[in-house]
$ cat my_file-v2.cif   # mmCIF, C-alpha atoms
data_upload
#
loop_
_atom_site.label_atom_id
_atom_site.label_comp_id
_atom_site.auth_asym_id
_atom_site.auth_seq_id
_atom_site.Cartn_x
_atom_site.Cartn_y
_atom_site.Cartn_z
CA MET A 1 17.85 37.75 -92.55
CA MET A 2 16.50 35.54 -89.85
CA ASN A 3 17.06 36.16 -86.11
CA LEU A 4 18.19 33.01 -84.40
CA ARG A 5 17.18 32.61 -80.72
CA ILE A 6 19.12 30.21 -78.64
CA GLN A 7 16.89 28.80 -75.83
CA GLN A 8 18.53 28.98 -72.45
CA PRO A 9 18.45 25.87 -70.29
CA PHE A 10 15.91 25.86 -67.45
CA THR A 11 17.36 26.72 -64.06
CA ALA A 12 15.47 26.44 -60.80
CA THR A 13 15.01 29.54 -58.82
CA PRO A 14 15.96 29.67 -55.13
CA ARG A 15 12.24 29.67 -54.29
CA ARG A 16 11.66 26.48 -56.26
CA GLN A 17 14.71 24.83 -54.59
CA GLY A 18 13.40 25.71 -51.16
CA GLY A 19 10.11 23.98 -51.84
CA ALA A 20 11.84 20.76 -52.90
CA VAL A 21 14.03 20.75 -49.81
CA SER A 22 10.99 21.20 -47.58
CA VAL A 23 9.37 18.14 -49.10
CA LEU A 24 12.52 16.10 -48.58
CA MET A 25 12.80 17.25 -44.96
CA VAL A 26 9.20 16.28 -44.25
CA LEU A 27 9.81 12.84 -45.74
CA ALA A 28 13.05 12.45 -43.82
CA LEU A 29 11.39 13.48 -40.56
CA ALA A 30 8.62 10.97 -41.18
CA VAL A 31 11.18 8.22 -41.76
CA ILE A 32 13.13 9.25 -38.66
CA ALA A 33 9.94 9.33 -36.57
CA THR A 34 8.98 5.89 -37.83
CA MET A 35 12.43 4.53 -37.05
CA ALA A 36 12.28 6.10 -33.59
CA ALA A 37 8.89 4.52 -33.03
CA LEU A 38 10.16 1.15 -34.17
CA ALA A 39 13.30 1.42 -32.02
CA LEU A 40 11.59 2.66 -28.86
CA ASP A 41 8.35 0.72 -29.03
CA GLY A 42 9.99 -2.35 -30.56
CA GLY A 43 12.65 -2.46 -27.86
CA HIS A 44 9.97 -1.94 -25.25
CA MET A 45 8.00 -4.87 -26.67
CA MET A 46 11.05 -7.17 -26.71
CA LEU A 47 11.95 -6.27 -23.12
CA ASN A 48 8.44 -6.90 -21.84
CA LYS A 49 8.11 -10.09 -23.88
CA THR A 50 11.23 -11.40 -22.09
CA ARG A 51 9.94 -10.31 -18.69
CA LEU A 52 6.55 -11.87 -19.35
CA GLN A 53 8.08 -15.14 -20.61
CA ASN A 54 10.29 -15.41 -17.51
CA ALA A 55 7.27 -14.89 -15.24
CA VAL A 56 5.18 -17.44 -17.16
CA ASP A 57 8.03 -19.98 -17.13
CA ALA A 58 8.37 -19.64 -13.34
CA ALA A 59 4.59 -19.94 -12.91
CA ALA A 60 4.46 -23.17 -14.94
CA LEU A 61 7.35 -24.68 -12.95
CA SER A 62 5.72 -23.71 -9.66
CA GLY A 63 2.39 -25.15 -10.75
CA ALA A 64 3.98 -28.44 -11.87
CA LYS A 65 5.94 -28.69 -8.60
CA THR A 66 2.77 -28.18 -6.58
CA LEU A 67 0.87 -30.67 -8.76
CA LEU A 68 3.49 -33.28 -7.86
CA GLN A 69 2.92 -32.58 -4.16
CA VAL A 70 -0.90 -32.59 -4.20
CA GLU A 71 -1.38 -35.30 -6.83
CA GLY A 72 -4.60 -37.20 -6.23
CA ALA A 73 -6.09 -34.68 -3.77
CA ALA A 74 -9.62 -33.34 -4.23
CA ASN A 75 -8.30 -29.78 -4.56
CA MET A 76 -5.45 -30.77 -6.87
CA ALA A 77 -6.36 -28.44 -9.72
CA SER A 78 -7.19 -25.41 -7.58
CA ALA A 79 -4.01 -25.78 -5.50
CA THR A 80 -1.94 -26.04 -8.68
CA ARG A 81 -3.61 -22.98 -10.20
CA THR A 82 -3.18 -20.96 -7.01
CA ALA A 83 0.53 -21.80 -6.81
CA ALA A 84 1.12 -20.88 -10.46
CA LEU A 85 -0.72 -17.56 -10.19
CA ASN A 86 1.00 -16.68 -6.89
CA THR A 87 4.41 -17.22 -8.53
CA LEU A 88 3.34 -15.14 -11.52
CA THR A 89 2.30 -12.32 -9.18
CA GLN A 90 5.56 -12.48 -7.22
CA ASN A 91 7.59 -12.22 -10.41
CA ALA A 92 5.43 -9.35 -11.65
CA ASN A 93 6.11 -7.51 -8.39
CA ALA A 94 9.88 -7.86 -8.76
CA THR A 95 12.01 -4.75 -9.22
CA GLY A 96 11.73 -3.29 -12.72
CA ASN A 97 8.45 -5.03 -13.58
CA ASN A 98 6.12 -2.13 -12.72
CA GLU A 99 4.17 -2.32 -15.97
CA LEU A 100 3.66 -6.08 -15.62
CA ALA A 101 2.71 -5.67 -11.95
CA THR A 102 0.03 -3.15 -12.93
CA ALA A 103 -1.40 -5.53 -15.53
CA VAL A 104 -1.49 -8.47 -13.11
CA ALA A 105 -2.54 -6.56 -9.98
CA GLY A 106 -5.73 -7.65 -8.30
CA ASN A 107 -6.79 -10.31 -10.78
CA PRO A 108 -4.01 -12.64 -11.99
CA GLY A 109 -6.65 -15.22 -12.96
CA ALA A 110 -7.98 -12.84 -15.62
CA PHE A 111 -4.48 -12.07 -16.88
CA ALA A 112 -3.18 -15.64 -17.19
CA VAL A 113 -4.72 -19.04 -17.96
CA VAL A 114 -3.62 -22.16 -16.04
CA GLU A 115 -4.45 -25.58 -17.50
CA LEU A 116 -3.53 -29.21 -16.76
CA SER A 117 -2.97 -32.34 -18.84
CA SER A 118 -1.81 -35.94 -18.54
CA SER A 119 0.37 -35.50 -21.65
CA VAL A 120 2.92 -32.85 -22.54
CA TYR A 121 1.24 -32.63 -25.97
CA GLY A 122 -2.21 -31.93 -24.48
CA PRO A 123 -5.05 -31.43 -24.68
CA PHE A 124 -4.86 -28.98 -21.77
CA SER A 125 -7.89 -27.84 -19.80
CA TYR A 126 -8.97 -26.77 -16.34
CA PRO A 127 -9.44 -28.54 -13.96
CA GLY A 128 -7.91 -31.18 -16.23
CA PRO A 129 -7.83 -34.99 -15.85
CA LEU A 130 -7.36 -36.79 -12.54
CA ASP A 131 -4.00 -38.17 -13.70
CA ALA A 132 -2.68 -34.76 -14.75
CA LYS A 133 1.11 -34.31 -14.58
CA TYR A 134 1.78 -31.30 -16.82
CA VAL A 135 0.89 -27.66 -16.30
CA ARG A 136 0.51 -24.99 -18.96
CA VAL A 137 0.40 -21.26 -18.17
CA SER A 138 -0.46 -18.82 -20.96
CA VAL A 139 -0.97 -15.07 -21.33
CA PRO A 140 -2.70 -14.56 -24.69
CA ASN A 141 -2.70 -10.75 -24.70
CA TYR A 142 -0.58 -8.37 -22.62
CA SER A 143 -1.22 -4.80 -23.87
CA LEU A 144 1.72 -2.42 -23.46
CA THR A 145 2.22 1.30 -23.02
CA ARG A 146 2.50 3.18 -26.35
CA PHE A 147 5.17 5.77 -27.11
CA PHE A 148 5.29 6.54 -30.85
CA TRP A 149 3.04 3.61 -31.68
CA GLY A 150 0.59 5.96 -33.40
CA VAL A 151 3.13 6.50 -36.16
CA ILE A 152 3.27 2.75 -36.83
CA GLN A 153 -0.51 2.43 -36.59
CA SER A 154 -0.88 4.99 -39.37
CA PHE A 155 0.25 2.23 -41.74
CA GLY A 156 -2.43 -0.15 -40.46
CA ALA A 157 -4.23 -1.26 -37.32
CA VAL A 158 -1.55 -2.99 -35.26
CA ASN A 159 -1.96 -3.50 -31.50
CA LYS A 160 1.06 -3.18 -29.25
CA ALA A 161 0.81 -6.38 -27.21
CA VAL A 162 2.83 -9.50 -26.44
CA ALA A 163 1.93 -13.07 -25.49
CA ALA A 164 3.69 -15.94 -23.71
CA ILE A 165 3.07 -19.60 -22.95
CA ALA A 166 5.00 -22.24 -20.97
CA THR A 167 4.56 -25.93 -20.22
CA ALA A 168 6.22 -27.75 -17.31
CA GLY A 169 6.16 -31.30 -16.01
CA PRO A 170 8.24 -34.31 -14.95
CA SER A 171 11.26 -35.76 -16.71
CA PRO A 172 13.16 -38.93 -15.67
CA THR A 173 16.65 -38.61 -14.19
CA SER A 174 19.44 -40.72 -12.77
CA PRO A 175 19.50 -39.57 -9.13
CA CYS A 176 22.49 -38.42 -7.09
CA ASP A 177 20.71 -38.40 -3.71
CA LEU A 178 20.60 -42.19 -3.54
CA ALA A 179 20.11 -44.03 -0.28
CA PRO A 180 22.91 -46.63 0.21
CA LEU A 181 20.40 -49.49 -0.12
CA MET A 182 19.55 -51.96 -2.87
CA VAL A 183 16.65 -54.22 -3.74
CA CYS A 184 17.12 -57.15 -6.11
CA GLY A 185 15.01 -57.00 -9.26
CA ASP A 186 14.23 -59.44 -12.03
CA PRO A 187 15.27 -58.09 -15.47
CA THR A 188 12.83 -60.50 -17.17
CA LYS A 189 9.86 -58.92 -15.36
CA TYR A 190 9.85 -55.42 -16.77
CA ASP A 191 6.64 -54.31 -18.49
CA PRO A 192 5.76 -50.65 -17.75
CA ALA A 193 2.55 -50.87 -19.80
CA ALA A 194 1.33 -53.54 -17.36
CA GLY A 195 2.60 -51.67 -14.32
CA MET A 196 5.42 -54.18 -13.71
CA PHE A 197 8.92 -52.91 -12.91
CA TRP A 198 11.58 -55.62 -12.39
CA GLY A 199 8.95 -57.70 -10.59
CA PHE A 200 7.57 -54.84 -8.47
CA GLN A 201 4.13 -53.26 -8.71
CA PHE A 202 2.74 -50.09 -7.19
CA GLY A 203 2.25 -50.40 -3.44
CA ASP A 204 4.21 -53.65 -2.99
CA LEU A 205 5.79 -53.75 0.46
CA GLN A 206 9.49 -54.67 0.27
CA VAL A 207 12.28 -55.22 2.77
CA LEU A 208 14.81 -52.53 1.87
CA LYS A 209 17.33 -53.65 4.48
CA THR A 210 17.43 -57.04 6.15
CA ALA A 211 18.22 -57.66 9.82
CA ALA A 212 20.38 -60.10 11.72
CA GLY A 213 19.05 -63.64 11.27
CA ASN A 214 17.33 -62.86 7.96
CA SER A 215 18.27 -64.67 4.78
CA SER A 216 19.91 -62.21 2.40
CA PRO A 217 18.65 -61.69 -1.17
CA ILE A 218 22.23 -60.80 -2.16
CA GLY A 219 24.36 -63.33 -0.31
CA PRO A 220 25.70 -64.18 3.15
CA GLY A 221 27.01 -61.20 5.11
CA ASN A 222 25.09 -58.64 3.04
CA PHE A 223 22.17 -56.68 4.50
CA GLN A 224 21.31 -54.76 1.29
CA LEU A 225 23.70 -51.93 2.13
CA LEU A 226 25.85 -50.39 -0.60
CA ASP A 227 29.38 -49.05 -0.33
CA PHE A 228 29.11 -45.33 -1.11
CA GLY A 229 32.02 -44.32 1.09
CA SER A 230 33.93 -45.33 4.17
CA GLY A 231 32.25 -46.91 7.15
CA GLY A 232 29.24 -46.16 9.29
CA SER A 233 29.55 -42.36 9.19
CA THR A 234 28.91 -42.35 5.43
CA VAL A 235 25.96 -44.71 5.85
CA ARG A 236 24.52 -42.37 8.50
CA GLU A 237 24.91 -39.27 6.33
CA ASP A 238 23.57 -40.95 3.20
CA LEU A 239 20.51 -42.38 4.93
CA ALA A 240 19.82 -39.03 6.57
CA GLY A 241 19.75 -37.49 3.10
CA GLY A 242 23.22 -36.04 2.77
CA GLY A 243 24.50 -38.36 0.07
CA LYS A 244 25.61 -37.12 -3.33
CA VAL A 245 26.48 -40.38 -5.07
CA CYS A 246 25.39 -40.60 -8.72
CA ARG A 247 24.88 -43.88 -10.55
CA ASN A 248 23.53 -44.77 -13.97
CA VAL A 249 21.74 -47.78 -15.41
CA GLY A 250 24.27 -50.37 -16.56
CA GLN A 251 26.94 -49.38 -14.06
CA ASP A 252 27.96 -51.64 -11.17
CA VAL A 253 27.49 -50.88 -7.48
CA GLN A 254 29.55 -52.40 -4.68
CA THR A 255 27.82 -54.04 -1.73
CA ALA A 256 28.93 -53.23 1.82
CA PRO A 257 28.87 -56.30 4.12
CA GLY A 258 27.85 -55.79 7.73
CA ASN A 259 24.66 -54.73 9.52
CA LYS A 260 25.71 -51.25 10.74
CA VAL A 261 22.51 -50.94 12.77
CA GLY A 262 23.52 -47.89 14.81
CA PRO A 263 24.59 -45.56 11.99
CA THR A 264 21.78 -46.82 9.74
CA SER A 265 19.00 -46.13 12.26
CA GLN A 266 20.49 -42.78 13.31
CA GLY A 267 20.47 -41.49 9.75
CA PHE A 268 17.26 -43.13 8.55
CA ASN A 269 15.09 -42.11 11.53
CA THR A 270 15.68 -38.39 10.99
CA ARG A 271 13.05 -38.69 8.29
CA PHE A 272 10.55 -39.37 11.09
CA GLY A 273 11.83 -36.59 13.36
CA ILE A 274 13.83 -38.98 15.58
CA TYR A 275 17.36 -37.79 16.37
CA ASN A 276 20.06 -39.91 17.96
CA GLY A 277 23.79 -39.68 17.43
CA PRO A 278 25.57 -36.91 15.46
CA VAL A 279 22.57 -35.74 13.40
CA SER A 280 20.38 -32.67 13.88
CA ALA A 281 16.98 -31.39 12.76
CA SER A 282 18.56 -28.26 11.27
CA ASP A 283 20.64 -30.39 8.88
CA TYR A 284 18.08 -33.16 8.32
CA PRO A 285 14.49 -32.04 8.95
CA PRO A 286 11.66 -34.60 9.13
CA ASP A 287 9.02 -35.31 6.53
CA LEU A 288 5.86 -33.20 6.46
CA VAL A 289 4.02 -36.24 7.88
CA THR A 290 5.76 -38.60 10.33
CA THR A 291 2.74 -40.76 11.27
CA SER A 292 3.20 -44.54 11.28
CA SER A 293 1.19 -47.48 12.57
CA THR A 294 1.68 -48.95 16.05
CA PRO A 295 2.76 -51.66 16.70
CA ALA A 296 5.40 -51.84 13.99
CA ILE A 297 5.47 -54.18 11.01
CA THR A 298 7.81 -57.14 11.53
CA TYR A 299 9.37 -59.77 9.28
CA ASP A 300 9.01 -63.55 9.59
CA ASP A 301 12.08 -64.97 7.93
CA SER A 302 10.79 -68.55 8.05
CA THR A 303 7.81 -67.66 5.83
CA GLN A 304 9.41 -64.56 4.27
CA GLN A 305 6.28 -62.61 5.09
CA LYS A 306 5.77 -59.12 6.49
CA MET A 307 3.59 -59.31 9.59
CA TYR A 308 1.38 -56.86 11.47
CA GLN A 309 -0.36 -57.82 14.69
CA GLY A 310 0.18 -61.48 13.87
CA GLN A 311 -1.32 -61.24 10.38
CA PRO A 312 0.43 -61.20 6.98
CA VAL A 313 0.51 -57.79 5.33
CA THR A 314 -1.19 -57.50 1.94
CA SER A 315 -1.18 -54.64 -0.56
CA SER A 316 -3.90 -53.58 -2.97
CA SER A 317 -3.45 -50.41 -5.04
CA GLY A 318 -1.17 -48.97 -2.40
CA ASN A 319 -3.42 -49.81 0.55
CA LEU A 320 -1.78 -51.99 3.23
CA THR A 321 -3.88 -54.24 5.46
CA ALA A 322 -3.27 -57.21 7.73
CA GLY A 323 -6.40 -59.22 8.36
CA GLY A 324 -8.92 -56.61 9.39
CA ASN A 325 -6.25 -54.15 10.50
CA ALA A 326 -5.52 -51.04 8.45
CA ILE A 327 -1.93 -49.82 8.26
CA PHE A 328 -0.78 -46.25 7.68
CA ASP A 329 0.46 -46.55 4.10
CA TYR A 330 1.52 -44.58 1.04
CA ASN A 331 -2.04 -43.57 0.13
CA ASP A 332 -2.67 -42.26 3.66
CA TRP A 333 0.62 -40.36 3.59
CA ARG A 334 -0.10 -38.91 0.17
CA ALA A 335 -3.50 -37.58 1.30
CA SER A 336 -2.04 -36.16 4.53
CA THR A 337 0.85 -34.54 2.64
CA ALA A 338 -1.48 -32.92 0.12
CA ALA A 339 -3.51 -31.45 3.00
CA CYS A 340 -0.32 -30.10 4.60
CA VAL A 341 0.78 -28.45 1.35
CA ALA A 342 -2.68 -26.91 0.92
CA GLY A 343 -2.59 -25.61 4.50
CA SER A 344 -5.61 -27.61 5.63
CA GLY A 345 -3.91 -30.62 7.24
CA SER A 346 -3.48 -31.56 10.88
CA GLY A 347 -0.43 -33.13 12.50
CA CYS A 348 1.90 -31.55 9.92
CA GLU A 349 5.50 -31.04 10.97
CA SER A 350 6.20 -27.30 11.11
CA ASN A 351 9.74 -27.78 9.80
CA GLY A 352 8.84 -30.74 7.61
CA VAL A 353 10.06 -31.20 4.04
CA PHE A 354 8.16 -32.81 1.18
CA GLU A 355 9.03 -36.44 0.35
CA ARG A 356 11.60 -37.01 3.08
CA ARG A 357 9.97 -40.42 3.51
CA MET A 358 10.63 -41.28 -0.13
CA LEU A 359 13.93 -43.07 -0.75
CA LYS A 360 15.65 -43.41 -4.12
CA ILE A 361 17.15 -46.90 -4.18
CA VAL A 362 19.20 -48.92 -6.66
CA VAL A 363 17.41 -51.87 -8.23
CA GLY A 364 20.14 -54.44 -8.95
CA ASP A 365 20.49 -57.70 -10.83
CA CYS A 366 21.49 -60.03 -7.97
CA SER A 367 21.65 -63.21 -10.05
CA GLY A 368 24.78 -65.20 -9.24
CA LYS A 369 24.76 -64.04 -5.61
CA LEU A 370 28.08 -63.86 -3.81
CA SER A 371 29.01 -63.53 -0.18
CA GLY A 372 30.92 -60.53 1.15
CA ALA A 373 31.65 -57.47 -0.96
CA THR A 374 30.44 -57.98 -4.51
CA SER A 375 29.59 -55.93 -7.61
CA VAL A 376 25.98 -55.84 -8.81
CA PRO A 377 24.76 -54.34 -12.13
CA VAL A 378 22.23 -51.50 -11.88
CA LEU A 379 18.89 -52.28 -13.55
CA GLY A 380 17.26 -48.99 -12.58
CA PHE A 381 16.16 -46.89 -9.64
CA GLY A 382 13.13 -47.44 -7.44
CA CYS A 383 11.13 -44.93 -5.42
CA TYR A 384 10.15 -46.34 -2.03
CA PHE A 385 7.89 -44.84 0.61
CA VAL A 386 9.18 -45.91 4.03
CA VAL A 387 6.32 -46.91 6.31
CA GLN A 388 7.88 -46.72 9.79
CA PRO A 389 11.03 -45.82 11.74
CA MET A 390 13.80 -48.39 12.01
CA SER A 391 14.37 -50.31 15.23
CA ASN A 392 17.91 -50.21 16.61
CA GLY A 393 17.66 -53.86 17.67
CA GLY A 394 19.86 -56.07 15.49
CA THR A 395 17.23 -58.77 14.89
CA GLU A 396 14.46 -56.24 14.18
CA SER A 397 16.42 -53.68 12.16
CA GLU A 398 14.62 -54.11 8.86
CA ILE A 399 13.61 -51.13 6.76
CA PHE A 400 10.25 -51.53 5.00
CA GLY A 401 9.15 -49.55 1.97
CA GLN A 402 6.33 -49.51 -0.56
CA PHE A 403 7.25 -49.36 -4.24
CA VAL A 404 6.00 -46.16 -5.89
CA LYS A 405 6.28 -45.55 -9.63
CA GLU A 406 7.58 -41.97 -9.43
CA CYS A 407 9.17 -39.58 -6.95
CA GLU A 408 11.07 -36.33 -6.85
CA GLY A 409 14.68 -36.57 -7.99
CA ASP A 410 17.77 -34.49 -8.59
CA ASN A 411 20.71 -34.39 -11.05
CA VAL A 412 20.10 -33.45 -14.71
CA ALA A 413 16.71 -33.84 -16.34
CA GLY A 414 16.37 -35.76 -19.58
CA PRO A 415 14.89 -34.38 -22.81
CA SER A 416 11.81 -36.62 -22.80
CA PRO A 417 8.57 -36.54 -20.79
CA SER A 418 8.20 -38.96 -17.89
CA THR A 419 6.88 -42.27 -19.21
CA ASP A 420 8.88 -44.67 -17.05
CA SER A 421 9.34 -45.36 -13.34
CA GLY A 422 11.79 -43.82 -10.94
CA PRO A 423 12.96 -40.38 -9.84
CA ARG A 424 11.95 -37.36 -11.92
CA ILE A 425 12.65 -33.64 -12.16
CA ILE A 426 10.18 -30.87 -12.96
CA GLN A 427 11.37 -29.00 -16.04
CA LEU A 428 10.12 -26.79 -18.87
CA TYR A 429 9.10 -28.34 -22.19
CA LYS A 430 8.49 -26.82 -25.58
CA THR A 431 4.81 -26.02 -25.77
CA TYR A 432 2.85 -27.85 -28.44
CA ILE A 433 -0.45 -26.94 -30.01
CA ASN A 434 -3.10 -29.15 -28.41
CA GLY A 435 -3.15 -32.66 -29.77
CA SER A 436 -0.28 -32.19 -32.22
CA GLY A 437 3.48 -32.23 -32.45
CA THR A 438 3.54 -28.66 -33.76
CA PRO A 439 5.40 -26.33 -31.38
CA SER A 440 3.89 -22.99 -30.44
CA THR A 441 5.78 -19.89 -31.58
CA ASP A 442 5.23 -18.33 -28.14
CA SER A 443 6.90 -21.09 -26.10
#
$ encode --input "my_file-v2.cif" --output "structure tokens"
Amino acid sequence: MMNLRIQQPFTATPRRQGGAVSVLMVLALAVIATMAALALDGGHMMLNKTRLQNAVDAAALSGAKTLLQVEGAANMASATRTAALNTLTQNANATGNNELATAVAGNPGAFAVVELSSSVYGPFSYPGPLDAKYVRVSVPNYSLTRFFWGVIQSFGAVNKAVAAIATAGPSPTSPCDLAPLMVCGDPTKYDPAAGMFWGFQFGDLQVLKTAAGNSSPIGPGNFQLLDFGSGGSTVREDLAGGGKVCRNVGQDVQTAPGNKVGPTSQGFNTRFGIYNGPVSASDYPPDLVTTSSTPAITYDDSTQQKMYQGQPVTSSSGNLTAGGNAIFDYNDWRASTAACVAGSGSGCESNGVFERRMLKIVVGDCSGKLSGATSVPVLGFGCYFVVQPMSNGGTESEIFGQFVKECEGDNVAGPSPSTDSGPRIIQLYKTYINGSGTPSTDS
């Protein structure tokens, strides 16, 4: 008779179970440690990436703003770089940015790269081209403090660092700080590629407001003033710089008949540090540079020429002369302003403000001129550097200005880089890889 043995199923002993649990616990702890490392170090990276990007954005904007102010100066690139790095340092030293402040401290030039270009697409370099308008600030490698980063590095060599890059420059805008003045343009003479804007070229000296006895480019009774409000008080405030009237191309503006010499001169002359009537330096400070030529430029209505010391005024690339006489002009003012901004100028107004002598003015289509109050279509907006204070004498109350392609503006910036004439705003752009339309992933 055979003995049958029934094999018992295998059962793990408590000791064998304990070994399996230990393995699982080790694996679980490793996963938890990795997740903790990812959460702590990853969050730390994201926070510092945001802080770094904010600082780099501010540095690019500051550099582009300074570049606008020192454009054409011999130290243009160095002044722009200094301004950008100073702003970067100030942001790094803000509350909560201790780690960034430590990285930047003592040598911001080694931490960040500042470059300039004439195009938003590049190429960017330092010191960059003479016609540079755009500033790029980049931090290619900002190493961060490690917490559990060693756990992540066990899976491969990965550095804990972040990078940031920002590009800033001008963008055209429809201004709201318009002066209540208008010049008449020719819509058939608009060719930006040739430097022609409604019949005006860089440096052309124009009468921005006519005087008593002058023939009007608009029509009888009009002195190139616009109706932005009620009466002389509004004219005074607007010409002093307190206006907030917005207009767009294609809209109509209303002319304001009458000379209004008193309110006009009281508001306008604050830009030269001259205060008469109900205006003050605290509300309307002067320009950084208030120099102008003596004697003043005058206007001969019979020949329709601007005169200086008995000679017709001529303009060449922004330089004004009359016979053999030099006149303090836009180029002189630009050089003096750049020196003031850089801290190396003389005769700078201590409470002066950049570009107070630059007016934003409507360029209108005055064809079919009418007398009295009339509506005129807006062709665009011109930037005009005013060369001298306004006389309060009715027959000598002209305002003279040189046409300048670009100037500082307000209101809302457009999406495109500045390629046209008129007021502009400094803004951030998406950063592109040099010479291409491919955006950077760090911008």
$ resolve_selection --input "my_file-v2.cif" --expression "the PyMOL selection byres ((chain A and resi 203) around 8)" --output "number ranges by chain"
A: 201-202, 204-205, 315-320, 330, 402-404
$ write_last_selection --input "my_file-v2.cif" --atoms "C-alpha atoms" --output "mmCIF file, keeping the file's coordinate frame"
data_model
loop_
_atom_site.group_PDB
_atom_site.id
_atom_site.type_symbol
_atom_site.label_atom_id
_atom_site.label_comp_id
_atom_site.auth_asym_id
_atom_site.auth_seq_id
_atom_site.Cartn_x
_atom_site.Cartn_y
_atom_site.Cartn_z
ATOM 1 C CA GLN A 201 4.130 -53.260 -8.710
ATOM 2 C CA PHE A 202 2.740 -50.090 -7.190
ATOM 3 C CA ASP A 204 4.210 -53.650 -2.990
ATOM 4 C CA LEU A 205 5.790 -53.750 0.460
ATOM 5 C CA SER A 315 -1.180 -54.640 -0.560
ATOM 6 C CA SER A 316 -3.900 -53.580 -2.970
ATOM 7 C CA SER A 317 -3.450 -50.410 -5.040
ATOM 8 C CA GLY A 318 -1.170 -48.970 -2.400
ATOM 9 C CA ASN A 319 -3.420 -49.810 0.550
ATOM 10 C CA LEU A 320 -1.780 -51.990 3.230
ATOM 11 C CA TYR A 330 1.520 -44.580 1.040
ATOM 12 C CA GLN A 402 6.330 -49.510 -0.560
ATOM 13 C CA PHE A 403 7.250 -49.360 -4.240
ATOM 14 C CA VAL A 404 6.000 -46.160 -5.890
#
$ closest_atom_pairs --input "my_file-v2.cif" --of "stretch 354-375 of chain A" --to "stretch 263-277 of chain A" --cutoff "10 Å" --atoms "all atoms listed in the file" --output "CSV"
residue,atom,partner,partner_atom,distance
A:Glu355,CA,A:Arg271,CA,9.2
A:Arg356,CA,A:Arg271,CA,5.7
A:Arg357,CA,A:Arg271,CA,5.9
A:Met358,CA,A:Arg271,CA,9.1
A:Leu359,CA,A:Phe268,CA,9.9
$ residues_around --input "my_file-v2.cif" --residues "A:Leu100" --least-positions-apart "2" --cutoff "10 Å" --atoms "all atoms listed in the file" --output "PyMOL selection string"
chain A and resi 48+51-52+55+88-89+91-94+96-98+102-105+142-144
$ resolve_selection --input "my_file-v2.cif" --expression "the PyMOL selection byres ((chain A and resi 216) around 12)" --output "NGL selection string"
:A and (182-184 or 207-215 or 217-225 or 257-259 or 301 or 304 or 366 or 369-372 or 398)
$ closest_residue --input "my_file-v2.cif" --among "A:Phe124, A:Gln206, A:Ala101, A:Asn411" --to "A:Gln305" --atoms "only C-alpha atoms"
A:Gln206
